[in-house]
Amino acid sequence: MNPSIAVNHLYCGWGDRSILEDVSFSIEKGEVVTILGGSGCGKSTLLKHLIGLYPPRSGSIQIVGNELVGSNYKDREAILRKIGVMYQSGALFGSMSILDNITLPLSSFSELDAIAIDTLARLKLRLVGLEEFADFFPSELSGGMQKRAAIARAMALDPQILFLDEPSAGLDPITSAELDQLIRRLAETQGVTIVVVTHELASIAAIADRAIMLDKTIKGIVAIDTPAALAQSSDRRVSSFFNAQRPLRVEG
Ligand SMILES: Nc1ncnc2c1ncn2[C@@H]1O[C@H](COP(=O)(O)OP(=O)(O)OP(=O)(O)O)[C@@H](O)[C@H]1O
């Protein structure tokens with residue numbers, strides 16, 4: 001079976017600046033993989049290229065066995081239909097109810113009738129525990145609820161891969177932990193592959209099957225392994241990242 005994502009010899013940059021060089025990795029179906037590393041190492045750059053927002057300089061990005069790089073418009077649309085994206089801001093439409101935010105992609109990209117769309121959208125809301133908030137507007141929800149609604153919208157078209165850009169940003173630790181549980185549950189119950197850009201150690205430990213650590217100096221992957229293995233790494237760059245934000249242990 002094809003991996004969900006296979007990246008080979010990827011080179012990306014902005015203008016005349018090279019950011020990532022010769023990056024290769026693959027992610028299996030149902031895996032939760034976090035992309036981490038210090039500020040400016042290229043996490044968002046990698047994400048933006050994986051979701052087809054920008055073409056790489058060279059290399060290959062296969063999404064469920066289909067080559068994204070150099071694909072024609074029609075193939076590209078079909079490939080991108082297999083992915084769902086939650087941007088850091090959540091990017092819900094503020095003038096629409098939560099339900100309408102989720103029905104929008106369904107009515108834009110599916111042939112379903114209005115009743116089926118309504119039913120499916122409510123199912124997605126139930127998946128993230130927001131079925132009772134269908135008629136609320138984003139501004140009427142807490143930050144954590146807005147993130148869950150944004151995940152429901154990213155899941156609207158039943159993507160095989162879900163990309164989440166810093167889902168915990170701006171959330172308190174308890175709400176962040178609840179969101180982590182949701183992410184893990186989605187991978188386990190829906191079989192969806194999930195790629196998360198985050199630098200929250202607690203989240204990485206809670207959700208990731210594996211983590212890809214990028215490094216600015218080498219412009220690429222310094223390590224790729226389970227969080228437990230990375231935490232024990234003898235590589236100074238990896239261990240300093242993992243030891244920099246050890247959670248407080250309070251004895252009681
Ligand atoms: N659209 C863009 N145009 C030009 N330069 C960019 C663009 N996006 C990112 N960069 C530059 O690429 C480098 C890597 O940025 P990127 O946002 O990928 O890092 P990051 O690891 O996600 O950082 P952070 O953790 O701070 O968000 C930075 O120097 C940034 O200024």
# chains A, B, ... in the order shown; residues from 1 in each chain; ligands from 1
call {"tool": "residues_near_ligand", "arguments": {"ligand": "ligand 1", "cutoff": "10 Å", "atoms": "only C-alpha atoms and all ligand atoms", "output": "ChimeraX atom specification"}}
result
/A:12-20,35-49,54,165-166,197-199,214-216,219
call {"tool": "select_by_dssp", "arguments": {"residues": "stretch 121-189 of chain A", "states": "alpha helix (DSSP H)", "output": "PyMOL selection string"}}
result
chain A and resi 121-127+143-154+173-189
call {"tool": "atom_distance", "arguments": {"atom1": "atom CA of A:Ser168", "atom2": "atom CA of A:Val196"}}
result
10.1 Å
call {"tool": "closest_residue", "arguments": {"among": "A:Leu186, A:Ile161, A:Ile115, A:Leu53", "to": "A:Ile207", "atoms": "only C-alpha atoms"}}
result
A:Leu186
call {"tool": "select_by_dssp", "arguments": {"residues": "stretch 50-191 of chain A", "states": "strand (DSSP E or B)", "output": "list in words"}}
result
Ser58, Gly59, Ser60, Ile61, Gln62, Ile63, Asn66, Glu67, Ile83, Gly84, Val85, Met86, Ile161, Leu162, Phe163, Leu164 and Asp165 of chain A
call {"tool": "atom_distance", "arguments": {"atom1": "atom CA of A:Ser26", "atom2": "atom CA of A:Phe109"}}
result
28.3 Å
call {"tool": "closest_residue", "arguments": {"among": "A:Gln88, A:Arg236, A:Ala244, A:Glu28", "to": "A:Gly170", "atoms": "only C-alpha atoms"}}
result
A:Gln88
call {"tool": "residues_around", "arguments": {"residues": "A:Gln190", "least_positions_apart": "4", "cutoff": "10 Å", "atoms": "only C-alpha atoms", "output": "VMD selection string"}}
result
chain A and resid 30 127 158 to 160 184 to 186
call {"tool": "closest_residue", "arguments": {"among": "A:Leu141, A:Val195, A:Leu123, A:Ala78", "to": "A:Ala211", "atoms": "only C-alpha atoms"}}
result
A:Val195
call {"tool": "residues_around", "arguments": {"residues": "stretch 230-232 of chain A", "least_positions_apart": "2", "cutoff": "10 Å", "atoms": "only C-alpha atoms", "output": "short mmCIF file (atom, residue, chain, number, x, y, z; two decimals) with N, CA and C atoms, in the first residue's frame"}}
result
data_model
loop_
_atom_site.label_atom_id
_atom_site.label_comp_id
_atom_site.auth_asym_id
_atom_site.auth_seq_id
_atom_site.Cartn_x
_atom_site.Cartn_y
_atom_site.Cartn_z
N LEU A 201 5.96 20.63 23.53
CA LEU A 201 6.44 19.30 23.89
C LEU A 201 5.35 18.39 24.44
N ALA A 205 4.36 14.74 22.83
CA ALA A 205 4.35 13.49 23.60
C ALA A 205 2.97 12.85 23.58
N ARG A 210 5.33 9.63 15.49
CA ARG A 210 6.72 10.01 15.19
C ARG A 210 6.79 11.53 15.04
N ALA A 211 7.99 12.05 15.20
CA ALA A 211 8.19 13.48 15.02
C ALA A 211 9.35 13.69 14.05
N ILE A 212 9.18 14.70 13.21
CA ILE A 212 10.24 15.08 12.27
C ILE A 212 10.84 16.37 12.81
N MET A 213 12.12 16.34 13.13
CA MET A 213 12.74 17.57 13.64
C MET A 213 13.59 18.21 12.56
N ALA A 223 16.45 14.78 12.74
CA ALA A 223 16.06 13.49 13.33
C ALA A 223 14.60 13.21 13.00
N ILE A 224 14.30 11.93 12.87
CA ILE A 224 12.89 11.52 12.68
C ILE A 224 12.71 10.22 13.44
N ASP A 225 11.84 10.25 14.46
CA ASP A 225 11.70 9.07 15.33
C ASP A 225 10.49 9.26 16.25
N THR A 226 10.28 8.29 17.14
CA THR A 226 9.21 8.45 18.13
C THR A 226 9.61 9.54 19.11
N PRO A 227 8.63 10.20 19.75
CA PRO A 227 9.00 11.22 20.74
C PRO A 227 9.88 10.66 21.85
N ALA A 228 9.60 9.42 22.28
CA ALA A 228 10.40 8.83 23.37
C ALA A 228 11.85 8.67 22.93
N SER A 234 21.17 11.35 21.59
CA SER A 234 22.48 11.87 21.99
C SER A 234 22.87 13.07 21.12
N ASP A 235 22.05 13.37 20.10
CA ASP A 235 22.33 14.54 19.26
C ASP A 235 22.01 15.81 20.06
N VAL A 238 18.91 17.85 19.12
CA VAL A 238 17.63 17.22 19.47
C VAL A 238 17.42 17.28 20.98
N SER A 239 18.45 16.91 21.73
CA SER A 239 18.26 16.87 23.19
C SER A 239 18.04 18.27 23.76
N SER A 240 18.70 19.28 23.18
CA SER A 240 18.48 20.62 23.75
C SER A 240 17.06 21.09 23.49
N PHE A 241 16.48 20.70 22.35
CA PHE A 241 15.09 21.06 22.09
C PHE A 241 14.17 20.36 23.10
N PHE A 242 14.42 19.06 23.31
CA PHE A 242 13.53 18.30 24.19
C PHE A 242 13.73 18.62 25.66
N ASN A 243 14.91 19.09 26.01
CA ASN A 243 15.15 19.40 27.42
C ASN A 243 14.90 20.87 27.75
#
call {"tool": "closest_residue", "arguments": {"among": "A:Met1, A:Leu179, A:Ala6, A:Ile174", "to": "A:Ile63", "atoms": "only C-alpha atoms"}}
result
A:Ala6
call {"tool": "closest_residue", "arguments": {"among": "A:Ala169, A:Leu112, A:Leu99, A:Ile117", "to": "A:Phe136", "atoms": "only C-alpha atoms"}}
result
A:Leu99
call {"tool": "residues_around", "arguments": {"residues": "A:Glu140", "least_positions_apart": "2", "cutoff": "12 Å", "atoms": "only C-alpha atoms", "output": "MDAnalysis selection string"}}
result
chainID A and resid 94:98 133:138 142:146 149
call {"tool": "closest_residue", "arguments": {"among": "A:Ser107, A:Ser233, A:Gln62, A:Thr34", "to": "A:Asn8", "atoms": "only C-alpha atoms"}}
result
A:Gln62
call {"tool": "decode", "arguments": {"residues": "stretch 99-172 of chain A", "atoms": "C-alpha atoms", "output": "PDB file, in the first residue's frame"}}
result
ATOM      1  CA  LEU A  99     -22.829  24.759  10.839  1.00  0.00           C
ATOM      2  CA  ASP A 100     -22.660  26.989   7.738  1.00  0.00           C
ATOM      3  CA  ASN A 101     -18.869  27.058   7.969  1.00  0.00           C
ATOM      4  CA  ILE A 102     -18.922  23.270   7.587  1.00  0.00           C
ATOM      5  CA  THR A 103     -21.680  23.031   4.972  1.00  0.00           C
ATOM      6  CA  LEU A 104     -19.783  25.501   2.749  1.00  0.00           C
ATOM      7  CA  PRO A 105     -17.067  23.077   1.532  1.00  0.00           C
ATOM      8  CA  LEU A 106     -19.691  20.342   1.201  1.00  0.00           C
ATOM      9  CA  SER A 107     -21.982  22.451  -1.000  1.00  0.00           C
ATOM     10  CA  SER A 108     -19.034  23.834  -2.985  1.00  0.00           C
ATOM     11  CA  PHE A 109     -17.282  20.548  -3.704  1.00  0.00           C
ATOM     12  CA  SER A 110     -19.877  17.775  -3.525  1.00  0.00           C
ATOM     13  CA  GLU A 111     -22.986  16.852  -5.496  1.00  0.00           C
ATOM     14  CA  LEU A 112     -25.011  16.100  -2.357  1.00  0.00           C
ATOM     15  CA  ASP A 113     -28.459  17.603  -1.782  1.00  0.00           C
ATOM     16  CA  ALA A 114     -29.154  20.097   1.019  1.00  0.00           C
ATOM     17  CA  ILE A 115     -30.515  17.512   3.468  1.00  0.00           C
ATOM     18  CA  ALA A 116     -27.531  15.186   3.049  1.00  0.00           C
ATOM     19  CA  ILE A 117     -25.141  18.129   3.426  1.00  0.00           C
ATOM     20  CA  ASP A 118     -26.861  19.264   6.623  1.00  0.00           C
ATOM     21  CA  THR A 119     -26.743  15.715   8.042  1.00  0.00           C
ATOM     22  CA  LEU A 120     -23.063  15.267   7.178  1.00  0.00           C
ATOM     23  CA  ALA A 121     -22.098  18.664   8.591  1.00  0.00           C
ATOM     24  CA  ARG A 122     -23.863  17.860  11.865  1.00  0.00           C
ATOM     25  CA  LEU A 123     -22.038  14.519  11.986  1.00  0.00           C
ATOM     26  CA  LYS A 124     -18.720  16.348  11.691  1.00  0.00           C
ATOM     27  CA  LEU A 125     -19.768  18.667  14.507  1.00  0.00           C
ATOM     28  CA  ARG A 126     -20.617  15.646  16.633  1.00  0.00           C
ATOM     29  CA  LEU A 127     -17.182  14.192  15.869  1.00  0.00           C
ATOM     30  CA  VAL A 128     -15.578  17.195  17.566  1.00  0.00           C
ATOM     31  CA  GLY A 129     -18.194  17.469  20.351  1.00  0.00           C
ATOM     32  CA  LEU A 130     -19.884  20.628  19.057  1.00  0.00           C
ATOM     33  CA  GLU A 131     -23.244  19.330  17.828  1.00  0.00           C
ATOM     34  CA  GLU A 132     -25.100  21.574  20.274  1.00  0.00           C
ATOM     35  CA  PHE A 133     -23.326  24.677  18.986  1.00  0.00           C
ATOM     36  CA  ALA A 134     -24.295  24.388  15.308  1.00  0.00           C
ATOM     37  CA  ASP A 135     -26.079  27.745  15.245  1.00  0.00           C
ATOM     38  CA  PHE A 136     -23.421  29.658  17.158  1.00  0.00           C
ATOM     39  CA  PHE A 137     -21.128  32.125  15.419  1.00  0.00           C
ATOM     40  CA  PRO A 138     -17.339  31.687  15.817  1.00  0.00           C
ATOM     41  CA  SER A 139     -17.111  34.775  18.060  1.00  0.00           C
ATOM     42  CA  GLU A 140     -19.579  33.131  20.467  1.00  0.00           C
ATOM     43  CA  LEU A 141     -17.262  30.145  21.028  1.00  0.00           C
ATOM     44  CA  SER A 142     -14.152  29.796  23.184  1.00  0.00           C
ATOM     45  CA  GLY A 143     -10.723  29.532  21.530  1.00  0.00           C
ATOM     46  CA  GLY A 144     -10.650  25.747  21.999  1.00  0.00           C
ATOM     47  CA  MET A 145     -14.147  25.358  20.538  1.00  0.00           C
ATOM     48  CA  GLN A 146     -13.160  27.486  17.535  1.00  0.00           C
ATOM     49  CA  LYS A 147     -10.197  25.176  16.930  1.00  0.00           C
ATOM     50  CA  ARG A 148     -12.481  22.132  17.124  1.00  0.00           C
ATOM     51  CA  ALA A 149     -14.920  23.752  14.694  1.00  0.00           C
ATOM     52  CA  ALA A 150     -12.026  24.475  12.327  1.00  0.00           C
ATOM     53  CA  ILE A 151     -10.993  20.800  12.551  1.00  0.00           C
ATOM     54  CA  ALA A 152     -14.593  19.778  11.772  1.00  0.00           C
ATOM     55  CA  ARG A 153     -14.495  21.999   8.692  1.00  0.00           C
ATOM     56  CA  ALA A 154     -11.138  20.578   7.607  1.00  0.00           C
ATOM     57  CA  MET A 155     -12.718  17.099   7.952  1.00  0.00           C
ATOM     58  CA  ALA A 156     -15.868  18.052   5.993  1.00  0.00           C
ATOM     59  CA  LEU A 157     -14.869  16.320   2.770  1.00  0.00           C
ATOM     60  CA  ASP A 158     -13.520  13.211   4.533  1.00  0.00           C
ATOM     61  CA  PRO A 159      -9.848  13.871   3.790  1.00  0.00           C
ATOM     62  CA  GLN A 160      -7.338  11.042   4.010  1.00  0.00           C
ATOM     63  CA  ILE A 161      -4.760  13.437   5.430  1.00  0.00           C
ATOM     64  CA  LEU A 162      -5.318  16.272   7.874  1.00  0.00           C
ATOM     65  CA  PHE A 163      -2.726  19.044   8.233  1.00  0.00           C
ATOM     66  CA  LEU A 164      -2.855  21.144  11.398  1.00  0.00           C
ATOM     67  CA  ASP A 165      -0.732  24.271  11.736  1.00  0.00           C
ATOM     68  CA  GLU A 166       0.058  24.953  15.416  1.00  0.00           C
ATOM     69  CA  PRO A 167      -3.367  23.838  16.700  1.00  0.00           C
ATOM     70  CA  SER A 168      -2.463  24.623  20.344  1.00  0.00           C
ATOM     71  CA  ALA A 169      -1.386  28.202  19.638  1.00  0.00           C
ATOM     72  CA  GLY A 170      -3.129  30.578  22.029  1.00  0.00           C
ATOM     73  CA  LEU A 171      -4.787  27.833  24.102  1.00  0.00           C
ATOM     74  CA  ASP A 172      -4.333  27.221  27.814  1.00  0.00           C
TER      75      ASP A 172
END
